Amino acid sequence: ILHIRLNIGNYLIIIFDSFYVSALLSSLYIALTATIACLIGGYLIAFGITQAPKKWRPLLLLMIIMPFWTSFLVRVYAWMGLLGNEGLINNFLMWLGIVDSPLPLLYNTFSVTIGTIYCYLPFMIFPIYAVLDKIDPVYVEAAQDLGCGPWRAFWRVTFPLSLPGIAAGC
């Protein structure tokens, strides 16, 4: 029989040890940054797909789903190949003469954030797309008929109606 005892001391270590506090704050920073980036990018992509002709939408959605057919580990290693010192990005920047030596793009907060965004972006795109696709265009047309410009109609009609998809994605 397993006996579990509550020990508040372990929780106090997490709160008062600077190592754990630093790790927690770093994780929260990466999570917040990745969520905001996924929200902006995912919303733009989802909105773009809903504005595309209906015959193109399945292909566009398939292009987002296809990376899931590859192993997660393979996709992460691909990013390591892109961001490494001898990676495609550093070689390209040196070839252009923008930098003289490789930039430290790997094994830091930047690379973790990029990897997180890449891995979770589809999980933001799909719920937003599902909500945007169900919004009746008549609402936006009515707002424009009542004097709203395209941007104002978006912010007053489309965006508020898409909040459930944003909440699900976040």
# chains A, B, ... in the order shown; residues from 1 in each chain; ligands from 1
$ select_by_dssp --residues "chain A" --states "alpha helix (DSSP H)" --output "number ranges by chain"
A: 8-16, 18-51, 57-65, 72-83, 88-96, 109-134, 137-145, 150-153, 159-161, 163-169
$ residues_around --residues "Leu161 (chain A)" --least-positions-apart "6" --cutoff "9 Å" --atoms "only C-alpha atoms" --output "VMD selection string"
chain A and resid 131 to 132 135
$ residues_around --residues "Thr33 (chain A)" --least-positions-apart "4" --cutoff "12 Å" --atoms "only C-alpha atoms" --output "PyMOL selection string"
chain A and resi 26-29+37-40+109-110+112-117+170
$ residues_around --residues "Thr50 (chain A)" --least-positions-apart "4" --cutoff "10 Å" --atoms "only C-alpha atoms" --output "VMD selection string"
chain A and resid 44 to 46 54 56 to 57 60 129 to 135
$ write_last_selection --atoms "N, CA, C and O atoms" --output "compact mmCIF listing (two decimals), in the first residue's frame"
# COMPACT_ATOMS: atom_id res chain seq x y z
N LEU A 44 -4.22 35.20 -38.10
CA LEU A 44 -4.02 35.66 -39.48
C LEU A 44 -4.16 34.52 -40.47
O LEU A 44 -4.79 34.67 -41.53
N ILE A 45 -3.59 33.37 -40.13
CA ILE A 45 -3.69 32.21 -41.03
C ILE A 45 -5.13 31.73 -41.13
O ILE A 45 -5.65 31.47 -42.23
N ALA A 46 -5.80 31.59 -39.98
CA ALA A 46 -7.19 31.12 -39.98
C ALA A 46 -8.09 32.08 -40.74
O ALA A 46 -8.95 31.66 -41.53
N LYS A 54 -13.73 28.62 -51.44
CA LYS A 54 -14.09 27.38 -50.75
C LYS A 54 -13.36 26.16 -51.32
O LYS A 54 -13.05 25.23 -50.57
N TRP A 56 -10.32 25.95 -52.26
CA TRP A 56 -8.93 25.92 -51.80
C TRP A 56 -8.80 25.60 -50.31
O TRP A 56 -7.72 25.23 -49.84
N ARG A 57 -9.85 25.76 -49.56
CA ARG A 57 -9.77 25.61 -48.10
C ARG A 57 -9.29 24.23 -47.66
O ARG A 57 -8.45 24.13 -46.77
N LEU A 60 -5.54 24.06 -48.10
CA LEU A 60 -4.84 24.91 -47.14
C LEU A 60 -4.83 24.27 -45.75
O LEU A 60 -3.81 24.30 -45.05
N TYR A 129 -10.15 28.92 -36.82
CA TYR A 129 -10.74 28.70 -38.14
C TYR A 129 -12.17 28.17 -38.02
O TYR A 129 -13.07 28.62 -38.73
N ALA A 130 -12.37 27.22 -37.10
CA ALA A 130 -13.71 26.63 -36.94
C ALA A 130 -14.74 27.69 -36.58
O ALA A 130 -15.86 27.67 -37.09
N VAL A 131 -14.36 28.63 -35.72
CA VAL A 131 -15.30 29.69 -35.32
C VAL A 131 -15.47 30.70 -36.45
O VAL A 131 -16.60 31.11 -36.76
N LEU A 132 -14.38 31.12 -37.06
CA LEU A 132 -14.47 32.11 -38.14
C LEU A 132 -15.28 31.58 -39.32
O LEU A 132 -16.00 32.34 -39.98
N ASP A 133 -15.14 30.30 -39.61
CA ASP A 133 -15.85 29.71 -40.75
C ASP A 133 -17.36 29.71 -40.54
O ASP A 133 -18.11 29.73 -41.49
N LYS A 134 -17.78 29.70 -39.29
CA LYS A 134 -19.22 29.66 -38.99
C LYS A 134 -19.85 31.05 -38.88
O LYS A 134 -21.07 31.15 -38.76
N ILE A 135 -19.04 32.09 -38.91
CA ILE A 135 -19.59 33.45 -38.83
C ILE A 135 -20.27 33.78 -40.16
O ILE A 135 -19.64 33.70 -41.22
$ closest_residue --among "A:Ala78, A:Leu62, A:Gly147, A:Tyr120" --to "Ala31 (chain A)" --atoms "only C-alpha atoms"
A:Tyr120
$ residues_around --residues "Phe92 (chain A)" --least-positions-apart "4" --cutoff "12 Å" --atoms "only C-alpha atoms" --output "mmCIF file with C-alpha atoms, in the first residue's frame"
data_model
loop_
_atom_site.group_PDB
_atom_site.id
_atom_site.type_symbol
_atom_site.label_atom_id
_atom_site.label_comp_id
_atom_site.auth_asym_id
_atom_site.auth_seq_id
_atom_site.Cartn_x
_atom_site.Cartn_y
_atom_site.Cartn_z
ATOM 1 C CA LEU A 82 17.997 25.180 -39.291
ATOM 2 C CA LEU A 83 19.117 27.049 -36.165
ATOM 3 C CA GLY A 84 22.508 25.405 -35.505
ATOM 4 C CA ASN A 85 25.894 27.105 -35.960
ATOM 5 C CA GLU A 86 26.301 25.297 -39.297
ATOM 6 C CA GLY A 87 22.575 25.463 -39.976
ATOM 7 C CA LEU A 88 20.761 26.842 -42.960
ATOM 8 C CA LEU A 96 24.692 37.397 -47.562
ATOM 9 C CA GLY A 97 27.419 39.090 -45.515
ATOM 10 C CA ILE A 98 24.990 40.165 -42.791
ATOM 11 C CA VAL A 99 27.033 38.413 -40.087
ATOM 12 C CA ASP A 100 30.697 37.376 -39.924
ATOM 13 C CA SER A 101 30.278 34.485 -37.511
ATOM 14 C CA PRO A 102 27.348 32.218 -36.670
ATOM 15 C CA LEU A 103 24.662 33.641 -34.412
#
$ atom_distance --atom1 "CA of Ile64 (chain A)" --atom2 "CA of Phe123 (chain A)"
10.0 Å
$ atom_distance --atom1 "CA of Ile65 (chain A)" --atom2 "CA of Pro122 (chain A)"
7.5 Å
$ closest_residue --among "A:Val140, A:Ala168, A:Met63, A:Leu121" --to "Ile36 (chain A)" --atoms "only C-alpha atoms"
A:Leu121
$ atom_distance --atom1 "CA of Met66 (chain A)" --atom2 "CA of Ile49 (chain A)"
15.8 Å
